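A.B. asks: File name final35.cif; file contents mmCIF, C-alpha atoms; full text below.
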```cif
data_data
loop_
_atom_site.group_PDB
_atom_site.id
_atom_site.type_symbol
_atom_site.label_atom_id
_atom_site.label_comp_id
_atom_site.auth_asym_id
_atom_site.auth_seq_id
_atom_site.Cartn_x
_atom_site.Cartn_y
_atom_site.Cartn_z
ATOM 1 C CA MET A 10 -9.526 122.632 -30.871
ATOM 2 C CA SER A 11 -6.474 124.878 -30.396
ATOM 3 C CA ILE A 12 -2.997 123.362 -30.626
ATOM 4 C CA GLN A 13 -2.462 124.294 -26.959
ATOM 5 C CA LYS A 14 -5.471 122.236 -25.793
ATOM 6 C CA PHE A 15 -4.434 119.359 -28.064
ATOM 7 C CA LEU A 16 -0.952 119.412 -26.524
ATOM 8 C CA SER A 17 -2.271 119.262 -22.967
ATOM 9 C CA ILE A 18 -4.429 116.225 -23.819
ATOM 10 C CA GLY A 19 -1.544 114.594 -25.691
ATOM 11 C CA PHE A 20 0.868 114.937 -22.806
ATOM 12 C CA PHE A 21 -1.680 113.577 -20.368
ATOM 13 C CA ILE A 22 -1.788 110.425 -22.530
ATOM 14 C CA VAL A 23 2.018 110.286 -22.679
ATOM 15 C CA THR A 24 2.227 110.571 -18.871
ATOM 16 C CA ILE A 25 -0.202 107.687 -18.444
ATOM 17 C CA ALA A 26 1.837 105.619 -20.913
ATOM 18 C CA TYR A 27 4.975 106.147 -18.823
ATOM 19 C CA ALA A 28 3.206 104.826 -15.763
ATOM 20 C CA TYR A 29 2.860 101.429 -17.445
ATOM 21 C CA VAL A 30 6.515 101.042 -18.472
ATOM 22 C CA PRO A 31 7.994 98.040 -16.639
ATOM 23 C CA SER A 32 9.731 98.997 -13.404
ATOM 24 C CA TYR A 33 13.136 97.701 -14.514
ATOM 25 C CA ALA A 34 13.220 100.502 -17.111
ATOM 26 C CA GLY A 35 13.533 103.110 -14.375
ATOM 27 C CA SER A 36 16.804 101.781 -13.027
ATOM 28 C CA ASP A 37 19.243 103.687 -15.181
ATOM 29 C CA ALA A 38 18.185 106.719 -17.235
ATOM 30 C CA SER A 39 21.805 107.364 -18.205
ATOM 31 C CA TYR A 40 22.072 103.925 -19.794
ATOM 32 C CA TYR A 41 18.906 104.359 -21.865
ATOM 33 C CA TYR A 42 19.914 107.839 -22.977
ATOM 34 C CA LYS A 43 23.384 106.711 -24.103
ATOM 35 C CA ARG A 44 21.769 103.835 -25.972
ATOM 36 C CA ALA A 45 19.370 106.287 -27.626
ATOM 37 C CA LEU A 46 22.244 108.496 -28.766
ATOM 38 C CA ILE A 47 23.912 105.532 -30.487
ATOM 39 C CA GLN A 48 20.641 104.483 -32.103
ATOM 40 C CA TYR A 49 20.027 108.049 -33.239
ATOM 41 C CA LYS A 50 23.543 108.287 -34.690
ATOM 42 C CA TYR A 51 22.886 105.207 -36.812
ATOM 43 C CA LYS A 52 19.414 106.441 -37.846
ATOM 44 C CA MET A 53 17.575 103.747 -35.895
ATOM 45 C CA TYR A 54 14.866 106.235 -35.033
ATOM 46 C CA ASN A 55 12.151 103.862 -33.826
ATOM 47 C CA TYR A 56 14.573 102.226 -31.423
ATOM 48 C CA ALA A 57 15.882 105.632 -30.321
ATOM 49 C CA ILE A 58 12.343 106.761 -29.520
ATOM 50 C CA GLU A 59 11.785 103.670 -27.394
ATOM 51 C CA SER A 60 15.057 104.259 -25.501
ATOM 52 C CA LEU A 61 14.285 107.929 -24.961
ATOM 53 C CA GLU A 62 10.837 107.136 -23.625
ATOM 54 C CA LEU A 63 12.462 104.690 -21.200
ATOM 55 C CA THR A 64 14.883 107.448 -20.236
ATOM 56 C CA LEU A 65 12.016 109.772 -19.377
ATOM 57 C CA SER A 66 10.098 107.088 -17.514
ATOM 58 C CA SER A 67 13.208 106.479 -15.415
ATOM 59 C CA ASP A 68 14.015 110.192 -14.965
ATOM 60 C CA PRO A 69 11.067 112.499 -15.796
ATOM 61 C CA ARG A 70 13.385 115.542 -15.498
ATOM 62 C CA HIS A 71 15.727 114.408 -18.275
ATOM 63 C CA PHE A 72 15.096 117.377 -20.578
ATOM 64 C CA GLU A 73 17.818 116.322 -23.050
ATOM 65 C CA ALA A 74 15.831 113.159 -23.774
ATOM 66 C CA ALA A 75 12.697 115.221 -24.353
ATOM 67 C CA ASN A 76 14.642 117.493 -26.734
ATOM 68 C CA LEU A 77 15.986 114.582 -28.752
ATOM 69 C CA LEU A 78 12.532 113.018 -28.963
ATOM 70 C CA ALA A 79 11.206 116.329 -30.271
ATOM 71 C CA LYS A 80 14.019 116.564 -32.810
ATOM 72 C CA ILE A 81 13.345 113.052 -34.106
ATOM 73 C CA TYR A 82 9.627 113.669 -34.478
ATOM 74 C CA LEU A 83 10.247 117.018 -36.160
ATOM 75 C CA ASP A 84 13.142 116.189 -38.478
ATOM 76 C CA HIS A 85 12.451 112.577 -39.380
ATOM 77 C CA TYR A 86 8.693 112.098 -39.051
ATOM 78 C CA ASN A 87 7.486 115.645 -39.755
ATOM 79 C CA ASP A 88 5.251 115.328 -36.710
ATOM 80 C CA ARG A 89 5.129 118.897 -35.426
ATOM 81 C CA VAL A 90 2.491 118.164 -32.793
ATOM 82 C CA ARG A 91 4.593 115.494 -31.062
ATOM 83 C CA ALA A 92 7.710 117.675 -31.437
ATOM 84 C CA LEU A 93 5.977 120.597 -29.759
ATOM 85 C CA GLN A 94 4.750 118.354 -26.947
ATOM 86 C CA TYR A 95 8.266 117.207 -26.100
ATOM 87 C CA PHE A 96 9.896 120.628 -26.521
ATOM 88 C CA GLU A 97 7.332 122.127 -24.156
ATOM 89 C CA GLU A 98 7.883 119.338 -21.633
ATOM 90 C CA SER A 99 11.618 120.038 -21.812
ATOM 91 C CA LEU A 100 11.027 123.724 -21.062
ATOM 92 C CA LYS A 101 8.875 122.829 -18.061
ATOM 93 C CA ILE A 102 11.901 121.016 -16.687
ATOM 94 C CA ASN A 103 14.494 123.614 -17.722
ATOM 95 C CA ASP A 104 13.262 126.981 -18.933
ATOM 96 C CA ASN A 105 16.805 128.285 -19.507
ATOM 97 C CA GLN A 106 17.089 126.935 -23.075
ATOM 98 C CA PRO A 107 16.984 129.788 -25.610
ATOM 99 C CA ASP A 108 17.430 127.439 -28.579
ATOM 100 C CA ILE A 109 14.447 125.361 -27.480
ATOM 101 C CA HIS A 110 12.336 128.483 -26.970
ATOM 102 C CA LEU A 111 13.227 129.329 -30.585
ATOM 103 C CA GLU A 112 12.075 125.915 -31.817
ATOM 104 C CA VAL A 113 8.822 126.248 -29.867
ATOM 105 C CA GLY A 114 8.312 129.758 -31.240
ATOM 106 C CA LYS A 115 8.779 128.484 -34.790
ATOM 107 C CA LEU A 116 6.291 125.693 -34.221
ATOM 108 C CA TYR A 117 3.678 128.020 -32.769
ATOM 109 C CA TYR A 118 4.235 130.263 -35.806
ATOM 110 C CA PHE A 119 3.491 127.265 -38.031
ATOM 111 C CA PHE A 120 0.286 126.586 -36.087
ATOM 112 C CA SER A 121 -0.688 130.303 -36.349
ATOM 113 C CA GLU A 122 -0.665 130.695 -32.569
ATOM 114 C CA TYR A 123 1.134 134.010 -32.790
ATOM 115 C CA SER A 124 0.892 135.238 -29.192
ATOM 116 C CA LYS A 125 2.503 132.008 -27.992
ATOM 117 C CA ALA A 126 5.123 132.247 -30.732
ATOM 118 C CA ILE A 127 5.994 135.823 -29.778
ATOM 119 C CA GLU A 128 6.317 134.854 -26.114
ATOM 120 C CA HIS A 129 8.857 132.109 -26.852
ATOM 121 C CA LEU A 130 10.772 134.082 -29.470
ATOM 122 C CA GLN A 131 11.160 136.978 -27.054
ATOM 123 C CA ARG A 132 12.446 134.564 -24.417
ATOM 124 C CA THR A 133 15.072 133.433 -26.913
ATOM 125 C CA ILE A 134 16.155 137.009 -27.554
ATOM 126 C CA ALA A 135 16.296 137.767 -23.826
ATOM 127 C CA LYS A 136 18.924 135.031 -23.417
ATOM 128 C CA LYS A 137 20.507 135.016 -26.871
ATOM 129 C CA ASN A 138 20.271 137.639 -29.599
ATOM 130 C CA ASP A 139 19.428 135.053 -32.239
ATOM 131 C CA VAL A 140 18.830 136.292 -35.794
ATOM 132 C CA TYR A 141 16.160 133.650 -36.481
ATOM 133 C CA ALA A 142 14.157 134.691 -33.420
ATOM 134 C CA HIS A 143 14.113 138.219 -34.837
ATOM 135 C CA TYR A 144 13.254 136.853 -38.306
ATOM 136 C CA TYR A 145 10.182 134.958 -37.090
ATOM 137 C CA LEU A 146 9.053 138.010 -35.162
ATOM 138 C CA VAL A 147 9.318 139.959 -38.439
ATOM 139 C CA LEU A 148 7.054 137.410 -40.147
ATOM 140 C CA ILE A 149 4.514 137.511 -37.333
ATOM 141 C CA TYR A 150 4.430 141.301 -36.986
ATOM 142 C CA ASN A 151 3.983 141.665 -40.750
ATOM 143 C CA LEU A 152 1.022 139.266 -40.632
ATOM 144 C CA GLN A 153 -0.415 141.394 -37.833
ATOM 145 C CA LYS A 154 0.268 144.553 -39.905
ATOM 146 C CA ASN A 155 2.541 145.816 -37.151
ATOM 147 C CA TYR A 156 5.064 147.024 -39.704
ATOM 148 C CA GLU A 157 6.942 149.314 -37.328
ATOM 149 C CA SER A 158 7.823 146.445 -34.988
ATOM 150 C CA ALA A 159 8.752 144.260 -37.968
ATOM 151 C CA ALA A 160 11.087 146.985 -39.269
ATOM 152 C CA SER A 161 12.832 147.245 -35.899
ATOM 153 C CA HIS A 162 13.601 143.516 -35.918
ATOM 154 C CA ILE A 163 14.797 143.705 -39.538
ATOM 155 C CA ALA A 164 17.229 146.415 -38.451
ATOM 156 C CA VAL A 165 18.544 144.193 -35.649
ATOM 157 C CA CYS A 166 19.003 141.255 -38.052
ATOM 158 C CA ASN A 167 20.983 143.431 -40.443
ATOM 159 C CA ALA A 168 23.119 144.873 -37.658
ATOM 160 C CA ILE A 169 24.083 141.606 -35.973
ATOM 161 C CA THR A 170 24.937 139.828 -39.244
ATOM 162 C CA LEU A 171 26.699 142.688 -41.035
ATOM 163 C CA GLN A 172 30.234 141.383 -40.640
ATOM 164 C CA GLN A 173 29.257 137.766 -41.343
ATOM 165 C CA ILE A 174 27.537 138.428 -44.645
ATOM 166 C CA LYS A 175 30.068 140.931 -45.989
ATOM 167 C CA PRO A 176 32.529 138.335 -47.403
ATOM 168 C CA GLU A 177 29.667 136.315 -48.926
ATOM 169 C CA ILE A 178 28.265 139.407 -50.655
ATOM 170 C CA GLU A 179 31.742 140.273 -51.987
ATOM 171 C CA LYS A 180 32.231 136.735 -53.330
ATOM 172 C CA ALA A 181 28.775 136.820 -54.939
ATOM 173 C CA GLN A 182 29.528 140.157 -56.602
ATOM 174 C CA ALA A 183 32.886 138.850 -57.864
ATOM 175 C CA ALA A 184 31.124 135.816 -59.333
ATOM 176 C CA GLN A 185 28.612 138.150 -60.988
ATOM 177 C CA LYS A 186 31.432 140.005 -62.743
ATOM 178 C CA ASP A 187 32.784 136.690 -64.028
ATOM 179 C CA ASN A 188 29.289 135.665 -65.188
ATOM 180 C CA ASN A 189 29.513 132.661 -62.894
ATOM 181 C CA THR A 190 25.845 132.424 -62.057
ATOM 182 C CA ASN A 191 25.911 129.206 -60.040
ATOM 183 C CA VAL A 192 28.682 130.460 -57.761
ATOM 184 C CA ALA A 193 26.827 133.758 -57.235
ATOM 185 C CA ILE A 194 23.669 131.824 -56.370
ATOM 186 C CA ALA A 195 25.553 129.690 -53.833
ATOM 187 C CA HIS A 196 26.911 132.770 -52.064
ATOM 188 C CA TYR A 197 23.574 134.589 -52.014
ATOM 189 C CA LYS A 198 21.945 131.476 -50.570
ATOM 190 C CA LYS A 199 24.618 131.494 -47.879
ATOM 191 C CA VAL A 200 23.776 135.144 -47.167
ATOM 192 C CA LEU A 201 20.142 134.169 -46.527
ATOM 193 C CA GLU A 202 21.214 131.349 -44.229
ATOM 194 C CA ILE A 203 23.122 133.903 -42.165
ATOM 195 C CA ASN A 204 20.551 136.690 -42.436
ATOM 196 C CA PRO A 205 17.092 135.618 -43.653
ATOM 197 C CA VAL A 206 15.925 139.242 -44.033
ATOM 198 C CA ASN A 207 18.657 140.355 -46.458
ATOM 199 C CA ARG A 208 16.704 141.993 -49.276
ATOM 200 C CA GLU A 209 19.614 142.096 -51.745
ATOM 201 C CA ALA A 210 20.091 138.327 -51.552
ATOM 202 C CA TYR A 211 16.411 137.646 -52.247
ATOM 203 C CA VAL A 212 16.326 140.013 -55.205
ATOM 204 C CA GLN A 213 19.567 138.734 -56.726
ATOM 205 C CA LEU A 214 18.585 135.085 -56.328
ATOM 206 C CA SER A 215 15.246 135.695 -58.026
ATOM 207 C CA HIS A 216 17.073 137.539 -60.814
ATOM 208 C CA TYR A 217 19.447 134.632 -61.452
ATOM 209 C CA TYR A 218 16.736 131.991 -61.314
ATOM 210 C CA ARG A 219 14.781 134.076 -63.801
ATOM 211 C CA ILE A 220 17.797 134.175 -66.143
ATOM 212 C CA GLN A 221 18.086 130.390 -65.819
ATOM 213 C CA LYS A 222 14.378 130.074 -66.754
ATOM 214 C CA LYS A 223 13.640 128.637 -63.313
ATOM 215 C CA ILE A 224 10.641 130.912 -62.898
ATOM 216 C CA ASP A 225 9.004 128.736 -60.241
ATOM 217 C CA MET A 226 12.108 129.069 -58.043
ATOM 218 C CA ALA A 227 12.346 132.801 -58.722
ATOM 219 C CA ILE A 228 8.710 133.178 -57.670
ATOM 220 C CA GLN A 229 9.237 131.197 -54.455
ATOM 221 C CA ILE A 230 12.247 133.332 -53.510
ATOM 222 C CA LEU A 231 10.275 136.543 -53.990
ATOM 223 C CA GLU A 232 7.290 135.128 -52.118
ATOM 224 C CA ASP A 233 9.653 134.544 -49.194
ATOM 225 C CA CYS A 234 10.960 138.085 -49.628
ATOM 226 C CA LYS A 235 7.390 139.441 -49.647
ATOM 227 C CA LYS A 236 6.793 137.914 -46.207
ATOM 228 C CA VAL A 237 9.639 140.073 -44.914
ATOM 229 C CA TYR A 238 8.917 143.152 -47.066
ATOM 230 C CA PRO A 239 5.155 143.114 -47.733
ATOM 231 C CA LYS A 240 5.039 146.854 -48.484
ATOM 232 C CA ASP A 241 7.957 146.902 -50.937
ATOM 233 C CA THR A 242 6.334 147.819 -54.263
ATOM 234 C CA ASP A 243 9.427 146.933 -56.295
ATOM 235 C CA VAL A 244 9.338 143.409 -54.895
ATOM 236 C CA LEU A 245 5.565 143.152 -55.415
ATOM 237 C CA LEU A 246 5.724 144.273 -59.041
ATOM 238 C CA THR A 247 8.733 142.121 -59.902
ATOM 239 C CA LEU A 248 6.798 139.176 -58.501
ATOM 240 C CA ALA A 249 3.721 140.218 -60.495
ATOM 241 C CA HIS A 250 5.787 140.231 -63.706
ATOM 242 C CA MET A 251 7.062 136.736 -62.923
ATOM 243 C CA TYR A 252 3.580 135.377 -62.302
ATOM 244 C CA PHE A 253 2.442 136.870 -65.599
ATOM 245 C CA GLU A 254 5.346 135.476 -67.611
ATOM 246 C CA PHE A 255 5.092 131.990 -66.049
ATOM 247 C CA LYS A 256 3.206 130.063 -68.721
ATOM 248 C CA HIS A 257 2.146 127.241 -66.439
ATOM 249 C CA PRO A 258 0.199 124.696 -68.523
ATOM 250 C CA LYS A 259 -2.338 123.848 -65.793
ATOM 251 C CA ARG A 260 -2.405 126.882 -63.486
ATOM 252 C CA ARG A 261 -2.200 129.780 -65.892
ATOM 253 C CA GLU A 262 -5.443 131.322 -64.627
ATOM 254 C CA TYR A 263 -4.221 131.193 -61.025
ATOM 255 C CA PHE A 264 -0.885 132.835 -61.871
ATOM 256 C CA ILE A 265 -2.564 135.627 -63.827
ATOM 257 C CA LYS A 266 -4.859 136.292 -60.863
ATOM 258 C CA GLN A 267 -1.794 136.467 -58.606
ATOM 259 C CA ALA A 268 -0.211 139.026 -60.943
ATOM 260 C CA ILE A 269 -3.381 141.162 -60.987
ATOM 261 C CA ASP A 270 -3.736 141.029 -57.194
ATOM 262 C CA LEU A 271 -0.110 142.022 -56.664
ATOM 263 C CA CYS A 272 -0.499 145.003 -58.991
ATOM 264 C CA LYS A 273 -3.561 146.147 -57.068
ATOM 265 C CA VAL A 274 -1.728 145.799 -53.748
ATOM 266 C CA ALA A 275 1.185 147.841 -55.139
ATOM 267 C CA ILE A 276 -1.222 150.563 -56.333
ATOM 268 C CA GLY A 277 -2.854 150.596 -52.905
ATOM 269 C CA ILE A 278 0.553 151.253 -51.345
ATOM 270 C CA ASP A 279 1.763 153.745 -53.974
ATOM 271 C CA SER A 280 -0.686 154.881 -56.653
ATOM 272 C CA SER A 281 2.082 156.813 -58.424
ATOM 273 C CA HIS A 282 3.884 153.580 -59.376
ATOM 274 C CA CYS A 283 3.187 153.684 -63.119
ATOM 275 C CA GLU A 284 4.604 150.219 -63.780
ATOM 276 C CA ALA A 285 1.589 148.643 -62.056
ATOM 277 C CA TYR A 286 -0.840 150.198 -64.554
ATOM 278 C CA SER A 287 1.414 149.202 -67.444
ATOM 279 C CA LEU A 288 1.474 145.564 -66.351
ATOM 280 C CA LEU A 289 -2.292 145.508 -65.802
ATOM 281 C CA PHE A 290 -2.704 146.883 -69.325
ATOM 282 C CA GLU A 291 -0.581 144.012 -70.697
ATOM 283 C CA ILE A 292 -2.479 141.407 -68.667
ATOM 284 C CA TYR A 293 -5.934 142.592 -69.711
ATOM 285 C CA LYS A 294 -4.726 142.918 -73.294
ATOM 286 C CA GLU A 295 -3.712 139.240 -73.311
ATOM 287 C CA LEU A 296 -7.013 138.275 -71.677
ATOM 288 C CA GLY A 297 -8.975 140.210 -74.283
ATOM 289 C CA GLU A 298 -10.630 142.328 -71.593
ATOM 290 C CA VAL A 299 -10.931 145.446 -73.747
ATOM 291 C CA PRO A 300 -12.636 147.831 -71.268
ATOM 292 C CA LEU A 301 -10.143 146.964 -68.508
ATOM 293 C CA ARG A 302 -7.258 147.159 -70.972
ATOM 294 C CA ASP A 303 -8.275 150.647 -72.047
ATOM 295 C CA GLU A 304 -8.969 151.735 -68.478
ATOM 296 C CA HIS A 305 -5.449 150.864 -67.383
ATOM 297 C CA ALA A 306 -3.916 152.339 -70.508
ATOM 298 C CA ALA A 307 -5.571 155.634 -69.537
ATOM 299 C CA LYS A 308 -4.412 155.273 -65.927
ATOM 300 C CA TYR A 309 -0.882 154.592 -67.123
ATOM 301 C CA ASP A 310 -0.880 157.740 -69.276
ATOM 302 C CA ALA A 311 -2.292 159.790 -66.385
ATOM 303 C CA CYS A 312 0.347 158.358 -64.059
ATOM 304 C CA LEU A 313 3.127 159.347 -66.449
ATOM 305 C CA GLU A 314 1.676 162.847 -66.746
ATOM 306 C CA GLY A 315 1.508 163.166 -62.990
ATOM 307 C CA SER A 316 5.136 162.142 -62.579
ATOM 308 C CA ARG A 317 6.450 164.846 -64.913
#
```
How does the structure come out when it is put into structure tokens?
C.D. replies:
Amino acid sequence: MSIQKFLSIGFFIVTIAYAYVPSYAGSDASYYYKRALIQYKYKMYNYAIESLELTLSSDPRHFEAANLLAKIYLDHYNDRVRALQYFEESLKINDNQPDIHLEVGKLYYFFSEYSKAIEHLQRTIAKKNDVYAHYYLVLIYNLQKNYESAASHIAVCNAITLQQIKPEIEKAQAAQKDNNTNVAIAHYKKVLEINPVNREAYVQLSHYYRIQKKIDMAIQILEDCKKVYPKDTDVLLTLAHMYFEFKHPKRREYFIKQAIDLCKVAIGIDSSHCEAYSLLFEIYKELGEVPLRDEHAAKYDACLEGSR
């Protein structure tokens, strides 16, 4: 069953539930909503949900109540299905909410319903040139191998955040010169909060985590980078090296396979990238795969000859 069909059934059930709320609850939506805000402020989420449901039963067009219900289910109960139900109900009441279209687009991205995600993300951009709407479109278009469209949204992200990230980059670079790794990391993380497609921030963060022997974190950062730049062979091969050097006690075989696959992807993109053959040689050497080791040693030599 698609998430869309599930949502329609779910909201039918919610509508029926409202019909059975006692009639006195419909007398003052404003009262219930104000009560919900206080309960939410003090993290009384179950009570807030009850008050918000009473708000909607009293005033079915109270889109703010639907938004807060969605936020509670998303942020505090990790219930994306319920969150999507309420966000969509809010948009039925008031479609002029670019931030809510963004949230819906992100949720449809999570559920792999990409056409729906694109529709809502584009509605966000039509009203508000939001960097995260562009970012999620980059992720989706890369998954669909529509790299040209992804690149155009990357360019927009970089353009609209240029002035914001400049001071953070400068502070990170100053911290680098002082060998203050933690400060540099903090500023590069801030860069990614502002612009989640900034390649330099991804690469530098992975570099510093690698220096700190936090290889798992370095890998995760580059995996996130790969979603934005899936055809970047430098990123792919740096990630391959990290997978190979990560001596995970229980998942070593998996990480070696990841390294091999990344090398092969890099070769498929650019067969003249000699580093890929060199790394495959090292991997097969460690595995004791002599024929494959020798094969990639020969390919590495041929690659070097071809580059001269």
A.B. asks: Quick one: everything within 7 Å of Val140 (chain A), counting only C-alpha atoms, minus sequence neighbours fewer than 2 positions away in the same chain. Send it as a ChimeraX atom specification.
C.D. replies: /A:138,142-144,166,204
A.B. asks: Once the PyMOL selection byres ((chain A and resi 215-223) around 10) has been applied to the shown file, what residues remain in the selection, as a list of chain:residue names?
C.D. replies: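 Applying the PyMOL selection byres ((chain A and resi 215-223) around 10) to the structure shown produces A:Gln185, A:Thr190, A:Asn191, A:Ala193, A:Ile194, A:Glu209, A:Ala210, A:Tyr211, A:Val212, A:Gln213, A:Leu214, A:Ile224, A:Asp225, A:Met226, A:Ala227, A:Ile228, A:Gln229, A:Ile230, A:Leu231, A:Glu232, A:Cys234, A:Thr247, A:Leu248, A:Met251, A:Phe255.
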A.B. asks: Since we have the selection now, will you write its residues out, keeping C-alpha atoms, as a PDB file, in the frame of the given file?
C.D. replies:
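So part_14.pdb came out as:
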```pdb
ATOM      1  CA  GLN A 185      28.612 138.150 -60.988  1.00  0.00           C
ATOM      2  CA  THR A 190      25.845 132.424 -62.057  1.00  0.00           C
ATOM      3  CA  ASN A 191      25.911 129.206 -60.040  1.00  0.00           C
ATOM      4  CA  ALA A 193      26.827 133.758 -57.235  1.00  0.00           C
ATOM      5  CA  ILE A 194      23.669 131.824 -56.370  1.00  0.00           C
ATOM      6  CA  GLU A 209      19.614 142.096 -51.745  1.00  0.00           C
ATOM      7  CA  ALA A 210      20.091 138.327 -51.552  1.00  0.00           C
ATOM      8  CA  TYR A 211      16.411 137.646 -52.247  1.00  0.00           C
ATOM      9  CA  VAL A 212      16.326 140.013 -55.205  1.00  0.00           C
ATOM     10  CA  GLN A 213      19.567 138.734 -56.726  1.00  0.00           C
ATOM     11  CA  LEU A 214      18.585 135.085 -56.328  1.00  0.00           C
ATOM     12  CA  ILE A 224      10.641 130.912 -62.898  1.00  0.00           C
ATOM     13  CA  ASP A 225       9.004 128.736 -60.241  1.00  0.00           C
ATOM     14  CA  MET A 226      12.108 129.069 -58.043  1.00  0.00           C
ATOM     15  CA  ALA A 227      12.346 132.801 -58.722  1.00  0.00           C
ATOM     16  CA  ILE A 228       8.710 133.178 -57.670  1.00  0.00           C
ATOM     17  CA  GLN A 229       9.237 131.197 -54.455  1.00  0.00           C
ATOM     18  CA  ILE A 230      12.247 133.332 -53.510  1.00  0.00           C
ATOM     19  CA  LEU A 231      10.275 136.543 -53.990  1.00  0.00           C
ATOM     20  CA  GLU A 232       7.290 135.128 -52.118  1.00  0.00           C
ATOM     21  CA  CYS A 234      10.960 138.085 -49.628  1.00  0.00           C
ATOM     22  CA  THR A 247       8.733 142.121 -59.902  1.00  0.00           C
ATOM     23  CA  LEU A 248       6.798 139.176 -58.501  1.00  0.00           C
ATOM     24  CA  MET A 251       7.062 136.736 -62.923  1.00  0.00           C
ATOM     25  CA  PHE A 255       5.092 131.990 -66.049  1.00  0.00           C
TER      26      PHE A 255
END
```
A.B. asks: Could you tell me, as a PDB file with C-alpha atoms, in the frame of the given file, which residues have any atom at most 12 Å from (20.5, 141.3, -49.0), counting only C-alpha atoms?
C.D. replies:
```pdb
ATOM      1  CA  ILE A 163      14.797 143.705 -39.538  1.00  0.00           C
ATOM      2  CA  CYS A 166      19.003 141.255 -38.052  1.00  0.00           C
ATOM      3  CA  ASN A 167      20.983 143.431 -40.443  1.00  0.00           C
ATOM      4  CA  THR A 170      24.937 139.828 -39.244  1.00  0.00           C
ATOM      5  CA  LEU A 171      26.699 142.688 -41.035  1.00  0.00           C
ATOM      6  CA  ILE A 174      27.537 138.428 -44.645  1.00  0.00           C
ATOM      7  CA  LYS A 175      30.068 140.931 -45.989  1.00  0.00           C
ATOM      8  CA  GLU A 177      29.667 136.315 -48.926  1.00  0.00           C
ATOM      9  CA  ILE A 178      28.265 139.407 -50.655  1.00  0.00           C
ATOM     10  CA  GLU A 179      31.742 140.273 -51.987  1.00  0.00           C
ATOM     11  CA  ALA A 181      28.775 136.820 -54.939  1.00  0.00           C
ATOM     12  CA  GLN A 182      29.528 140.157 -56.602  1.00  0.00           C
ATOM     13  CA  HIS A 196      26.911 132.770 -52.064  1.00  0.00           C
ATOM     14  CA  TYR A 197      23.574 134.589 -52.014  1.00  0.00           C
ATOM     15  CA  LYS A 198      21.945 131.476 -50.570  1.00  0.00           C
ATOM     16  CA  LYS A 199      24.618 131.494 -47.879  1.00  0.00           C
ATOM     17  CA  VAL A 200      23.776 135.144 -47.167  1.00  0.00           C
ATOM     18  CA  LEU A 201      20.142 134.169 -46.527  1.00  0.00           C
ATOM     19  CA  GLU A 202      21.214 131.349 -44.229  1.00  0.00           C
ATOM     20  CA  ILE A 203      23.122 133.903 -42.165  1.00  0.00           C
ATOM     21  CA  ASN A 204      20.551 136.690 -42.436  1.00  0.00           C
ATOM     22  CA  PRO A 205      17.092 135.618 -43.653  1.00  0.00           C
ATOM     23  CA  VAL A 206      15.925 139.242 -44.033  1.00  0.00           C
ATOM     24  CA  ASN A 207      18.657 140.355 -46.458  1.00  0.00           C
ATOM     25  CA  ARG A 208      16.704 141.993 -49.276  1.00  0.00           C
ATOM     26  CA  GLU A 209      19.614 142.096 -51.745  1.00  0.00           C
ATOM     27  CA  ALA A 210      20.091 138.327 -51.552  1.00  0.00           C
ATOM     28  CA  TYR A 211      16.411 137.646 -52.247  1.00  0.00           C
ATOM     29  CA  VAL A 212      16.326 140.013 -55.205  1.00  0.00           C
ATOM     30  CA  GLN A 213      19.567 138.734 -56.726  1.00  0.00           C
ATOM     31  CA  LEU A 214      18.585 135.085 -56.328  1.00  0.00           C
ATOM     32  CA  SER A 215      15.246 135.695 -58.026  1.00  0.00           C
ATOM     33  CA  CYS A 234      10.960 138.085 -49.628  1.00  0.00           C
ATOM     34  CA  VAL A 237       9.639 140.073 -44.914  1.00  0.00           C
ATOM     35  CA  TYR A 238       8.917 143.152 -47.066  1.00  0.00           C
TER      36      TYR A 238
END
```
A.B. asks: May I ask which of the residues A:Leu148, A:Ile292, A:Leu245, A:Ala306 is the closest one to Asp279 (chain A), counting only C-alpha atoms?
C.D. replies: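 Using only C-alpha atoms, the shortest distance to Asp279 (chain A) belongs to A:Leu245.
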A.B. asks: Near region 41-45 of chain A, counting only C-alpha atoms, which residues have an atom at most 12 Å away, once you skip same-chain residues fewer than 6 positions from it, shown as a short mmCIF file (atom, residue, chain, number, x, y, z; two decimals) with C-alpha atoms, in the frame of the given file?
C.D. replies:
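out-v4.cif was written with the following content:
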```cif
data_model
loop_
_atom_site.label_atom_id
_atom_site.label_comp_id
_atom_site.auth_asym_id
_atom_site.auth_seq_id
_atom_site.Cartn_x
_atom_site.Cartn_y
_atom_site.Cartn_z
CA TYR A 33 13.14 97.70 -14.51
CA ALA A 34 13.22 100.50 -17.11
CA GLY A 35 13.53 103.11 -14.38
CA TYR A 51 22.89 105.21 -36.81
CA LYS A 52 19.41 106.44 -37.85
CA MET A 53 17.58 103.75 -35.90
CA TYR A 54 14.87 106.24 -35.03
CA ASN A 55 12.15 103.86 -33.83
CA TYR A 56 14.57 102.23 -31.42
CA ALA A 57 15.88 105.63 -30.32
CA ILE A 58 12.34 106.76 -29.52
CA GLU A 59 11.78 103.67 -27.39
CA SER A 60 15.06 104.26 -25.50
CA LEU A 61 14.28 107.93 -24.96
CA GLU A 62 10.84 107.14 -23.62
CA LEU A 63 12.46 104.69 -21.20
CA THR A 64 14.88 107.45 -20.24
CA LEU A 65 12.02 109.77 -19.38
CA SER A 66 10.10 107.09 -17.51
CA SER A 67 13.21 106.48 -15.42
CA ASP A 68 14.02 110.19 -14.96
CA HIS A 71 15.73 114.41 -18.27
CA PHE A 72 15.10 117.38 -20.58
CA GLU A 73 17.82 116.32 -23.05
CA ALA A 74 15.83 113.16 -23.77
CA ALA A 75 12.70 115.22 -24.35
CA ASN A 76 14.64 117.49 -26.73
CA LEU A 77 15.99 114.58 -28.75
CA LEU A 78 12.53 113.02 -28.96
CA ILE A 81 13.34 113.05 -34.11
#
```
